[in-house]
Amino acid sequence: MSISRRDFLTLALGGVAFVSMRAFASSAHTPITMNEAPMTFTLPPLPFAKDALAPHISAQTFDFHHGKHHNAYVVKLNELIAGTEFEKASLEDIITKTAGDASKAALFNNAAQHWNHSFFWECLTPNGGGKPTGELAAKIDSDLGGYDKFAADFKAAALAQFGSGWAWLVADASGKLKITKTPNADLPLAHGERALLTVDVWEHAYYLDYQNRRVDFVQTFLDKLANWEFAAANLAGKTFKIAA
Ligand code: MN3
């Protein structure tokens, strides 16, 4: 399969947030035959320039966090699925079928971390943060006691996650908003919940810019970086799918 750089840019600039070889495979741009070899997962580009969030998150942090950490999960994931029943599966299928299976922990961890990071980049935006508006704000009022309580509870969840993990705003199976935290690679998808917004609280997410001050990082995320437009689209039912 051949994808030209121009096609890639056209798709990327056309608003396709998550592009990958499998996404191309199913697009009109690239006819594919049934016999074609399984595709591999690819590192999605950041949805902003790597210095666009400075000084809140530095380009150096993205060099490591996106270029090294996230990339390593993708490389390992591809190694683990090669030649297995999972080599043609969607990322979501890999995650849901390996969640809770101790014998497939490495596969789950790398697949979930690929999903988590791809999602997290979309949760960040220059000039983001502050209070959401519209339906999402109304849901935060009705389900979570208003923005100020949401912010306090989200920050508390992020700080209470001992060691590595994630804090989330999710919609549960009934559609009610909840704040959750998950350890390591664990994620709402493994618990029947829909992710709306997340912040990565692994130390690699903030150590270069904030050292040990996780609280300052999470406060900055809420005040300056949170992409409420993305969260609102997730609430509205936009399917976040990493095409792999
Ligand atoms: Mn991370």
# chains A, B, ... in the order shown; residues from 1 in each chain; ligands from 1
>>> residues_near_ligand(ligand="ligand 1", cutoff="10 Å", atoms="only C-alpha atoms and all ligand atoms", output="PyMOL selection string")
chain A and resi 62+64-66+68-70+73+113-114+116-118+120-121+164-166+184-185+199-206
>>> select_by_dssp(residues="region 46-218 of chain A", states="alpha helix (DSSP H)", output="NGL selection string")
:A and (59-64 or 71-81 or 91-98 or 105-122 or 134-144 or 147-160 or 203-210 or 214-218)
>>> closest_residue(among="A:Ala49, A:Leu77, A:Ala231, A:Val215", to="Gln161 (chain A)", atoms="only C-alpha atoms")
A:Val215
>>> closest_residue(among="A:Gln60, A:Leu136, A:Met39, A:Thr125", to="Lys88 (chain A)", atoms="only C-alpha atoms")
A:Met39
>>> closest_residue(among="A:Ala233, A:Pro44, A:Ala111, A:Ser174", to="Phe86 (chain A)", atoms="only C-alpha atoms")
A:Ala111
>>> residues_around(residues="Ala232 (chain A)", least_positions_apart="3", cutoff="10 Å", atoms="only C-alpha atoms", output="PDB file with C-alpha atoms, in the first residue's frame")
ATOM      1  CA  PRO A 132     -17.182  24.480  29.293  1.00  0.00           C
ATOM      2  CA  THR A 133     -20.415  25.727  27.767  1.00  0.00           C
ATOM      3  CA  GLY A 134     -23.599  24.291  26.314  1.00  0.00           C
ATOM      4  CA  GLU A 135     -24.855  20.771  26.934  1.00  0.00           C
ATOM      5  CA  LEU A 136     -21.640  19.659  28.607  1.00  0.00           C
ATOM      6  CA  ALA A 137     -21.815  22.523  31.118  1.00  0.00           C
ATOM      7  CA  LEU A 196     -14.972  12.453  27.599  1.00  0.00           C
ATOM      8  CA  LEU A 197     -11.751  14.021  28.928  1.00  0.00           C
ATOM      9  CA  ASN A 227     -10.120  20.832  25.248  1.00  0.00           C
ATOM     10  CA  TRP A 228     -13.806  21.217  26.114  1.00  0.00           C
ATOM     11  CA  GLU A 229     -14.776  21.183  22.475  1.00  0.00           C
ATOM     12  CA  LEU A 235     -20.554  13.643  25.004  1.00  0.00           C
ATOM     13  CA  ALA A 236     -22.566  14.243  21.838  1.00  0.00           C
ATOM     14  CA  GLY A 237     -21.714  10.730  20.719  1.00  0.00           C
ATOM     15  CA  LYS A 238     -18.798  11.310  18.431  1.00  0.00           C
TER      16      LYS A 238
END
>>> closest_residue(among="A:Ala158, A:Leu177, A:Val74, A:Ala151", to="Trp115 (chain A)", atoms="only C-alpha atoms")
A:Val74
>>> select_by_dssp(residues="region 55-232 of chain A", states="strand (DSSP E or B)", output="count of residues only")
23
>>> residues_around(residues="Leu189 (chain A)", least_positions_apart="3", cutoff="8 Å", atoms="only C-alpha atoms", output="PyMOL selection string")
chain A and resi 92+95-96+192-195
>>> atom_distance(atom1="CA of Phe230 (chain A)", atom2="CA of Lys139 (chain A)")
15.1 Å
